[in-house]
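Participant: Quick one: the structure is below, and I'll ask about it shortly.
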Amino acid sequence: MVLPIDPCFEDIVAAAGRIAPYIRRTPVLVGDGDWSGIHFKCENLQAIGAFKARGACNAVFSLPERVAARGVVTHSSGNHAAALARAARLRGVPAYIVMPRGAPAIKRAAVEYWGGTVTECEPTLAAREAIAAALCERTGGVLVHPYDDPDVIAGQGTALLELTEEIAEPEIVLVPVGGGGLLAGTALTARARWPGARVIGVEPIGADDAARSWSSGVLQPQLAPATMADGLRGALSERTLRLARAQVDDIVTVSEDAIATAMRQVFERLKLVVEPSAAVPMAALLEGRVTGARAAMILSGGNVDLNQLPWVK
């Protein structure tokens with residue numbers, strides 16, 4: 001029996017050094033007025049416009065040369081796809097990307113800009129996984145999963161590692177959750193650096209598999225996610241559920257109206273462009289799903305189609 005390999009905090013520290021030449025140390029903004037006490041880690045200003053640059057770079061630059069030379073493969077609705085294409089370009093290896101039909105045009109354009117070869121599929125997890133497996137077989141490339149990968153999770157944890165070096169320990173840490181890679185990496189870092197903080201995952205009510213899985217301890221299916229937060233339509237894996245159950249204090253859900261309101265308020269008050277997935281943690285505060293005078297949250301990405309803003313009719 002092969003035991004599962006889960007990342008630990010030491011892997012996150014190692015990842016921070018490994019990826020430092022290839023990512024941005026993103027700024028931290030502090031809210032004012034009724035948002036005072038809230039710290040925002042601006043991963044929407046990260047390379048490729050999302051935190052996914054961290055995990056992708058760590059995974060790609062962790063590969064032995066002979067393995068990397070065959071290329072990397074993934075399936076993703078967008079941000080991980082672009083991040084992997086960029087990391088592969090930086091290392092000089094090919095990237096083969098499976099994207100569902102209907103993925104945001106801005107995200108597909110980013111993949112193509114970085115030289116990724118896109119293969120379309122039906123918008124189901126089964127279709128994505130089947131085509132990615134076929135590409136690995138045909139090209140010899142190695143699969144870099146969007147979140148069910150120890151090196152990806154370790155890379156994602158470096159966002160909070162940076163934040164812990166800049167601000168005092170808050171009461172709560174809010175993290176958007178889709179597949180759970182960012183949540184797992186963030187929680188591992190928080191437990192090591194901010195042991196008194198509560199780590200809370202936030203997801204849309206229309207894509208609530210993580211909340212159901214975390215509560216029950218058994219993976220729950222995500223069959224037909226219905227949310228504007230396209231980056232959070234994925235489902236937890238056994239690994240990310242295991243890490244969440246061990247390290248995370250709660251997972252809560254928010255409404256679509258709250259996501260749209262939070263997104264607009266971040267635009268207007270912080271003067272930042274964020275995608276719906278990034279607004280989900282703020283939605284939890286606005287909707288009263290969590291409370292805390294001092295909060296830290298990761299604004300996970302800013303790749304939004306400005307022609308499709310949820311408040312524009």
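By convention here, the chains of the structure tokens are called A, B, ... in the order presented, each chain's residues are numbered starting at 1, and ligands are numbered starting at 1 in the order presented.
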Residues of stretch 48-272 of chain A in strand (DSSP E or B) according to DSSP, as a ChimeraX atom specification?
Facilitator: /A:50,72-75,95-100,117-121,142-143,172-176,198-204,250-254
Participant: Selection from above, C-alpha atoms, as a compact mmCIF listing (two decimals), in the first residue's frame, can you write it?
Facilitator:
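part-v4.txt, written as the output of this step:
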# COMPACT_ATOMS: atom_id res chain seq x y z
CA ALA A 50 -4.02 34.83 -9.54
CA VAL A 72 3.36 19.11 -18.21
CA VAL A 73 -0.37 18.43 -18.49
CA THR A 74 -3.36 19.74 -16.57
CA HIS A 75 -7.10 20.31 -16.71
CA ALA A 95 2.37 22.61 -21.54
CA TYR A 96 -0.76 20.71 -22.61
CA ILE A 97 -3.94 22.17 -21.15
CA VAL A 98 -7.45 20.69 -21.06
CA MET A 99 -10.12 23.39 -20.72
CA PRO A 100 -13.91 22.94 -20.60
CA THR A 117 -1.61 23.98 -26.17
CA VAL A 118 -5.35 23.91 -25.42
CA THR A 119 -7.62 20.89 -25.87
CA GLU A 120 -11.32 21.52 -25.27
CA CYS A 121 -13.63 19.11 -23.44
CA VAL A 142 3.45 14.66 -16.27
CA LEU A 143 0.11 15.65 -14.76
CA ILE A 172 -9.74 34.87 11.44
CA VAL A 173 -8.22 33.94 8.09
CA LEU A 174 -10.73 33.70 5.23
CA VAL A 175 -9.94 31.64 2.14
CA PRO A 176 -12.02 30.88 -0.97
CA ARG A 198 -9.31 30.57 13.05
CA VAL A 199 -9.01 29.40 9.43
CA ILE A 200 -12.31 29.46 7.59
CA GLY A 201 -12.98 28.33 4.03
CA VAL A 202 -15.71 30.10 2.08
CA GLU A 203 -17.57 28.83 -0.98
CA PRO A 204 -20.72 29.65 -2.95
CA ASP A 250 -14.96 25.78 9.50
CA ILE A 251 -16.24 26.04 5.93
CA VAL A 252 -19.19 28.36 5.29
CA THR A 253 -21.26 29.19 2.22
CA VAL A 254 -22.44 32.51 0.76
Participant: Could you pull the residues within 9 Å of A:Ala103, counting only C-alpha atoms, minus those fewer than 3 positions along the same chain, as a CSV table (one decimal) with N, CA and C atoms, in the first residue's frame?
Facilitator:
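Saved as out_14.csv:
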chain,number,residue,atom,x,y,z
A,76,SER,N,-8.1,22.5,-16.3
A,76,SER,CA,-8.4,23.7,-15.5
A,76,SER,C,-9.4,24.6,-16.3
A,77,SER,N,-10.2,25.2,-15.5
A,77,SER,CA,-11.1,26.2,-16.1
A,77,SER,C,-10.4,27.5,-16.4
A,78,GLY,N,-9.2,27.7,-15.9
A,78,GLY,CA,-8.6,28.9,-16.3
A,78,GLY,C,-7.3,29.4,-15.6
A,99,MET,N,-9.2,22.4,-21.2
A,99,MET,CA,-10.1,23.4,-20.7
A,99,MET,C,-11.5,23.0,-21.1
A,100,PRO,N,-12.5,23.2,-20.2
A,100,PRO,CA,-13.9,22.9,-20.6
A,100,PRO,C,-14.4,24.0,-21.6
A,106,ILE,N,-11.2,35.3,-21.4
A,106,ILE,CA,-10.0,36.0,-20.9
A,106,ILE,C,-9.0,34.9,-20.3
A,107,LYS,N,-9.5,33.8,-19.8
A,107,LYS,CA,-8.6,32.8,-19.2
A,107,LYS,C,-8.0,31.9,-20.3
A,108,ARG,N,-8.8,31.6,-21.3
A,108,ARG,CA,-8.2,30.8,-22.4
A,108,ARG,C,-7.1,31.7,-23.1
A,123,PRO,N,-17.9,20.2,-20.2
A,123,PRO,CA,-17.7,20.9,-18.9
A,123,PRO,C,-18.0,19.9,-17.7
A,230,ASP,N,-16.5,31.0,-11.1
A,230,ASP,CA,-16.1,29.9,-11.9
A,230,ASP,C,-14.9,29.2,-11.4
Participant: Have a look at A:Leu45, A:Ala293, A:Ala14, A:Val177 and name the one nearest to A:Leu29; count only C-alpha atoms.
Facilitator: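 Smallest separation from A:Leu29 among the options: A:Leu45.
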Participant: Which neighbours of A:Ala229 fall inside 7 Å, counting only C-alpha atoms, when residues of the same chain fewer than 3 positions from it are skipped, and could you give them as a list of chain:residue names?
Facilitator: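 That gives A:Leu232, A:Pro276, A:Ser277.
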Participant: Grab the atom CA of A:Gly55 to atom CA of A:Ala83 distance for me, in Å with one decimal place.
Facilitator: 8.3 Å
Participant: Rank A:Val273, A:Ala224, A:Leu188, A:Val248 by their smallest atom-to-atom distance to A:Pro150, using only C-alpha atoms, and report the top residue only.
Facilitator: A:Leu188
Participant: Could you work out how far atom CA of A:Gln46 lies from atom CA of A:Gly301, giving the answer in Å with one decimal?
Facilitator: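 Interatomic distance here is 7.8 Å.
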Participant: Closest to A:Asp151 among A:Asp32, A:Asp11, A:Glu238, A:Glu122, using only C-alpha atoms?
Facilitator: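 Among A:Asp32, A:Asp11, A:Glu238, A:Glu122, it is A:Asp11 that comes nearest to A:Asp151.
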Participant: Which residues are near A:Ala295? Cut-off 7 Å, only C-alpha atoms, ignore same chain within fewer than 5 positions. Put them as a ChimeraX atom specification.
Facilitator: /A:37-39,170-173
Participant: Using DSSP secondary structure from the backbone, list all alpha helix (DSSP H) positions within stretch 22-174 of chain A, as an MDAnalysis selection string.
Facilitator: chainID A and resid 52:62 65:68 79:91 105:113 125:139 150:156 158:164
Participant: Using only C-alpha atoms, which of the listed residues (A:Leu286, A:Leu223, A:Ala258, A:Ala184) sits closest to A:Thr240?
Facilitator: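 The shortest atom-to-atom distance to A:Thr240 comes from A:Ala184.
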Participant: As an exercise, work out the distance from atom CA of A:Phe267 to atom CA of A:Gly288 in Å and give it to one decimal place.
Facilitator: 20.2 Å
